[in-house]
Amino acid sequence: MRKLGSLSTAMGLAAALVGLLGTAGVAAPSSTEMRGVWIASVANTDWPSRRGLSAEQQESEYRAMLDQAVANRMNAVFVQVRPTADAFWPSPWEPWSHWLTGQQGRDPGYDPMRFLVDEAHQRGLEFHAWFNPYRVSMTDDPNSLVPTHPARVHPEWTFSYGGKLYYDPGVPQVRQFVTEAITDAVSRYEVDGVHLDDYFYPYPADGRRIPDERTFAAHGKGFDNIDDWRRDNVNDLISGLDERVHAVRPRAEFGVSPSGIWRNARSDPAGSDTNGMESYSSIFADTRRWVREGWVDYIAPQVYWQFGHPAADYAKVVPWWSRTVEGTDVKLYIGQAAYEVGQPNWTDPAELTNHLTFNASQPNVEGDIYFSANSLNTVAEEAITRVVRDHYTS
């Protein structure tokens with residue numbers, strides 16, 4: 001596996017840059033454990049807070065988020081820069097994102113990606129560029145896209161499902177296109193990592209079938225089972241991106257944040273002692289294989305459940321992932337559901353800090369990533385204060 005240099009080395013270099021550039025921000029701690037936060041842009045979840053803000057307003061909001069991340073002693077941000085087959089940089093492949101300006105294709109008047117990366121590095125924070133591979137639109141109307149959008153130019157690349165529009169992962173040209181669009185950003189900017197979330201094939205919607213039978217007939221690659229073929233398509237994207245990312249930027253890490261359950265033990269003896277939705281069969285993501293094959297530098301499963309959860313107990317899911325990475329070069333970070341704090345099943349403000357205490361007993365857990373930035377300033381403010389006090393003092 002090709003690995004990024006140690007976090008401490010990266011933080012030391014970034015801290016030196018802070019001094020050179022004279023930023024007023026305080027450098028992030030040089031811990032070797034991952035302390036990350038997701039900054040989501042789709043639906044203006046975190047940043048920017050709404051569409052159509054001026055460049056100055058967008059910049060001000062982002063700086064405040066980074067300063068808060070440093071105050072919480074984080075050392076990395078995972079920023080969503082391709083939320084819906086669009087771009088937060090001047091991409092030759094896809095239009096400017098409407099989550100920035102309110103109008104797809106409209107130039108925001110500056111290079112957001114350059115700004116995002118530079119501001120993170122000035123504070124000693126790693127910058128991981130977060131891409132959603134296949135989601136095209138939050139509606140299923142292709143006419144909502146600009147006329148030059150690849151999904152309108154190539155309608156045969158897409159399908160509608162559950163009220164949204166997606167690129168079809170079974171089309172070889174789609175996988176190549178997605179890889180090229182992502183690689184363009186990686187080649188332009190000094191990113192520390194390339195990050196995919198948990199959306200591959202769409203999550204099941206009301207028992208509807210994914211409309212890809214014609215794609216299977218045309219591009220079945222000799223598979224008899226459509227589910228196995230779908231998993232192979234996702235494997236092809238993951239293994240291909242692993243190669244391309246490291247060819248373009250050898251020191252960058254490539255990782256994925258999948259749903260927390262690969263398979264339940266009742267489906268496969270190698271699965272976890274859980275009873276929830278399986279990424280293997282629901283979105284056709286064979287995450288355990290990605291680890292075993294070394295196609296990722298890290299895996300960050302979304303273990304978005306509390307201790308004692310009847311379907312997915314945190315105390316059972318995390319050890320399963322720890323065993324899964326055992327004997328590999330793949331790092332394990334745990335995705336933490338900060339947004340769940342205060343919900344009916346998550347009322348204990350010590351739940352989050354207790355997760356990290358438990359993680360310390362798992363030999364292969366190397367840090368945590370929190371979803372998402374706004375939650376740490378709202379519902380999870382008290383919870384993250386406890387985490388910092390209990391675990392992030394150095």
# chains A, B, ... in the order shown; residues from 1 in each chain; ligands from 1

$ residues_around --residues "region 308-315 of chain A" --least-positions-apart "2" --cutoff "10 Å" --atoms "only C-alpha atoms" --output "PyMOL selection string"
chain A and resi 260-261+264+272-277+303-306+317-320+345-346+355+358-359

$ residues_around --residues "Gly162 (chain A)" --least-positions-apart "4" --cutoff "12 Å" --atoms "only C-alpha atoms" --output "list in words"
Arg135, Ser137, Met138, Thr139, Asp140, Asp141, Tyr166, Tyr201, Pro202, Tyr203, Pro204, Ala205, Asp206, Gly207, Arg208, Arg209, Ile210 and Pro211 of chain A

$ write_last_selection --atoms "C-alpha atoms" --output "CSV table (one decimal), in the first residue's frame"
chain,number,residue,atom,x,y,z
A,135,ARG,CA,-25.5,11.1,-7.7
A,137,SER,CA,-29.4,15.5,-9.0
A,138,MET,CA,-31.6,15.6,-5.9
A,139,THR,CA,-34.6,15.5,-8.3
A,140,ASP,CA,-35.2,13.1,-11.2
A,141,ASP,CA,-35.9,15.8,-13.8
A,166,TYR,CA,-28.1,8.9,-10.9
A,201,TYR,CA,-25.9,2.1,-6.1
A,202,PRO,CA,-28.8,4.0,-4.5
A,203,TYR,CA,-30.2,2.8,-1.2
A,204,PRO,CA,-33.4,0.8,-1.6
A,205,ALA,CA,-36.5,2.9,-2.0
A,206,ASP,CA,-39.9,1.4,-1.1
A,207,GLY,CA,-38.9,-2.0,-2.6
A,208,ARG,CA,-38.4,-0.5,-6.1
A,209,ARG,CA,-36.1,-2.3,-8.4
A,210,ILE,CA,-33.1,-0.5,-9.8
A,211,PRO,CA,-33.8,0.1,-13.5

$ residues_around --residues "region 37-45 of chain A" --least-positions-apart "4" --cutoff "8 Å" --atoms "only C-alpha atoms" --output "list in words"
Ser49, Arg50, Arg51, Ala69, Met74, Ala76, Val77, Phe78, Val79, Gln80, Val81, Pro83, Thr84, Trp99, Ile369, Tyr370, Phe371, Ser372, Ala373 and Asn374 of chain A

$ residues_around --residues "Asn233 (chain A)" --least-positions-apart "3" --cutoff "9 Å" --atoms "only C-alpha atoms" --output "list of chain:residue names"
A:Pro169, A:Gly170, A:Val171, A:Pro172, A:Arg175, A:Asp228, A:Trp229, A:Arg230, A:Asp236, A:Leu237, A:Ile238, A:Phe284

$ write_last_selection --atoms "C-alpha atoms" --output "tab-separated table (two decimals), in the first residue's frame"
chain	number	residue	atom	x	y	z
A	169	PRO	CA	-22.56	2.39	-12.34
A	170	GLY	CA	-22.93	-0.47	-14.82
A	171	VAL	CA	-22.05	1.68	-17.83
A	172	PRO	CA	-18.28	1.45	-18.45
A	175	ARG	CA	-17.07	4.70	-14.41
A	228	ASP	CA	-22.77	-9.95	-8.28
A	229	TRP	CA	-22.39	-7.85	-11.42
A	230	ARG	CA	-23.36	-4.69	-9.54
A	236	ASP	CA	-14.05	-1.72	-10.53
A	237	LEU	CA	-14.57	1.92	-9.57
A	238	ILE	CA	-12.82	1.53	-6.20
A	284	PHE	CA	-23.66	-3.50	-3.59

$ atom_distance --atom1 "CA of Glu119 (chain A)" --atom2 "CA of Asn72 (chain A)"
16.7 Å

$ closest_residue --among "A:Arg73, A:Asp227, A:Ser322, A:Gly222" --to "Met34 (chain A)" --atoms "only C-alpha atoms"
A:Arg73

$ closest_residue --among "A:Gln57, A:Trp295, A:Ala181, A:Arg63" --to "Pro95 (chain A)" --atoms "only C-alpha atoms"
A:Ala181

$ residues_around --residues "region 149-153 of chain A" --least-positions-apart "6" --cutoff "8 Å" --atoms "only C-alpha atoms" --output "PyMOL selection string"
chain A and resi 93-95+136+142-143+167

$ write_last_selection --atoms "all heavy atoms" --output "PDB file, in the first residue's frame"
ATOM      1  N   TRP A  93     -14.881  18.974 -16.933  1.00  0.00           N
ATOM      2  CA  TRP A  93     -15.779  17.829 -17.096  1.00  0.00           C
ATOM      3  C   TRP A  93     -17.206  18.132 -16.661  1.00  0.00           C
ATOM      4  O   TRP A  93     -18.154  17.596 -17.256  1.00  0.00           O
ATOM      5  CB  TRP A  93     -15.249  16.640 -16.275  1.00  0.00           C
ATOM      6  CG  TRP A  93     -13.897  16.186 -16.679  1.00  0.00           C
ATOM      7  CD1 TRP A  93     -12.701  16.563 -16.131  1.00  0.00           C
ATOM      8  CD2 TRP A  93     -13.567  15.293 -17.744  1.00  0.00           C
ATOM      9  NE1 TRP A  93     -11.656  15.957 -16.767  1.00  0.00           N
ATOM     10  CE2 TRP A  93     -12.160  15.150 -17.772  1.00  0.00           C
ATOM     11  CE3 TRP A  93     -14.329  14.576 -18.664  1.00  0.00           C
ATOM     12  CZ2 TRP A  93     -11.500  14.339 -18.681  1.00  0.00           C
ATOM     13  CZ3 TRP A  93     -13.674  13.757 -19.582  1.00  0.00           C
ATOM     14  CH2 TRP A  93     -12.284  13.654 -19.587  1.00  0.00           C
ATOM     15  N   GLU A  94     -17.375  18.945 -15.646  1.00  0.00           N
ATOM     16  CA  GLU A  94     -18.703  19.147 -15.060  1.00  0.00           C
ATOM     17  C   GLU A  94     -18.935  20.612 -14.718  1.00  0.00           C
ATOM     18  O   GLU A  94     -17.975  21.379 -14.558  1.00  0.00           O
ATOM     19  CB  GLU A  94     -18.845  18.273 -13.803  1.00  0.00           C
ATOM     20  CG  GLU A  94     -18.805  16.789 -14.127  1.00  0.00           C
ATOM     21  CD  GLU A  94     -18.827  15.894 -12.900  1.00  0.00           C
ATOM     22  OE1 GLU A  94     -18.003  16.094 -12.003  1.00  0.00           O
ATOM     23  OE2 GLU A  94     -19.679  14.982 -12.864  1.00  0.00           O
ATOM     24  N   PRO A  95     -20.200  21.019 -14.579  1.00  0.00           N
ATOM     25  CA  PRO A  95     -20.498  22.437 -14.337  1.00  0.00           C
ATOM     26  C   PRO A  95     -20.234  22.850 -12.898  1.00  0.00           C
ATOM     27  O   PRO A  95     -20.164  22.022 -11.985  1.00  0.00           O
ATOM     28  CB  PRO A  95     -22.002  22.524 -14.658  1.00  0.00           C
ATOM     29  CG  PRO A  95     -22.525  21.158 -14.316  1.00  0.00           C
ATOM     30  CD  PRO A  95     -21.432  20.204 -14.728  1.00  0.00           C
ATOM     31  N   VAL A 136     -26.447  12.446  -9.466  1.00  0.00           N
ATOM     32  CA  VAL A 136     -26.465  13.539 -10.433  1.00  0.00           C
ATOM     33  C   VAL A 136     -27.321  14.698  -9.951  1.00  0.00           C
ATOM     34  O   VAL A 136     -26.950  15.861 -10.093  1.00  0.00           O
ATOM     35  CB  VAL A 136     -26.966  13.042 -11.803  1.00  0.00           C
ATOM     36  CG1 VAL A 136     -27.125  14.205 -12.787  1.00  0.00           C
ATOM     37  CG2 VAL A 136     -26.029  11.983 -12.373  1.00  0.00           C
ATOM     38  N   PRO A 142     -34.184  15.582 -15.572  1.00  0.00           N
ATOM     39  CA  PRO A 142     -32.924  15.961 -16.227  1.00  0.00           C
ATOM     40  C   PRO A 142     -32.942  17.387 -16.756  1.00  0.00           C
ATOM     41  O   PRO A 142     -31.872  17.989 -16.942  1.00  0.00           O
ATOM     42  CB  PRO A 142     -32.792  14.941 -17.361  1.00  0.00           C
ATOM     43  CG  PRO A 142     -34.167  14.419 -17.584  1.00  0.00           C
ATOM     44  CD  PRO A 142     -34.861  14.475 -16.265  1.00  0.00           C
ATOM     45  N   ASN A 143     -34.137  17.942 -16.976  1.00  0.00           N
ATOM     46  CA  ASN A 143     -34.219  19.317 -17.466  1.00  0.00           C
ATOM     47  C   ASN A 143     -33.818  20.338 -16.416  1.00  0.00           C
ATOM     48  O   ASN A 143     -33.650  21.527 -16.736  1.00  0.00           O
ATOM     49  CB  ASN A 143     -35.633  19.615 -17.968  1.00  0.00           C
ATOM     50  CG  ASN A 143     -35.985  18.812 -19.208  1.00  0.00           C
ATOM     51  OD1 ASN A 143     -35.145  18.626 -20.092  1.00  0.00           O
ATOM     52  ND2 ASN A 143     -37.197  18.318 -19.268  1.00  0.00           N
ATOM     53  N   TYR A 167     -26.070   8.556 -12.162  1.00  0.00           N
ATOM     54  CA  TYR A 167     -25.304   7.875 -13.185  1.00  0.00           C
ATOM     55  C   TYR A 167     -25.403   6.373 -12.926  1.00  0.00           C
ATOM     56  O   TYR A 167     -25.418   5.918 -11.776  1.00  0.00           O
ATOM     57  CB  TYR A 167     -23.834   8.291 -13.148  1.00  0.00           C
ATOM     58  CG  TYR A 167     -23.543   9.630 -13.786  1.00  0.00           C
ATOM     59  CD1 TYR A 167     -22.826  10.611 -13.106  1.00  0.00           C
ATOM     60  CD2 TYR A 167     -23.948   9.892 -15.086  1.00  0.00           C
ATOM     61  CE1 TYR A 167     -22.532  11.830 -13.700  1.00  0.00           C
ATOM     62  CE2 TYR A 167     -23.667  11.111 -15.687  1.00  0.00           C
ATOM     63  CZ  TYR A 167     -22.965  12.084 -14.994  1.00  0.00           C
ATOM     64  OH  TYR A 167     -22.684  13.282 -15.586  1.00  0.00           O
TER      65      TYR A 167
END

$ closest_residue --among "A:Arg266, A:Leu125, A:Val174, A:Ala185" --to "Asp111 (chain A)" --atoms "only C-alpha atoms"
A:Ala185

$ atom_distance --atom1 "CA of Thr215 (chain A)" --atom2 "CA of Pro155 (chain A)"
12.7 Å

$ select_by_dssp --residues "region 94-141 of chain A" --states "strand (DSSP E or B)" --output "list in words"
Trp96, Glu126, Phe127, His128, Ala129, Trp130, Phe131, Arg135, Val136 and Ser137 of chain A

$ closest_residue --among "A:Gly220, A:Thr347, A:Glu340, A:Thr353" --to "Thr378 (chain A)" --atoms "only C-alpha atoms"
A:Glu340

$ closest_residue --among "A:Tyr110, A:Trp130, A:Trp89, A:Trp157" --to "Tyr189 (chain A)" --atoms "only C-alpha atoms"
A:Trp89

$ closest_residue --among "A:Ser187, A:Ser394, A:Asn75, A:Thr324" --to "Ala247 (chain A)" --atoms "only C-alpha atoms"
A:Ser187

$ select_by_dssp --residues "region 106-176 of chain A" --states "helix (DSSP H, G or I)" --output "JSON, numbers by chain"
{"A": [112, 113, 114, 115, 116, 117, 118, 119, 120, 121, 122, 142, 143, 144, 150, 151, 152, 153, 155, 156, 157, 172, 173, 174, 175, 176]}
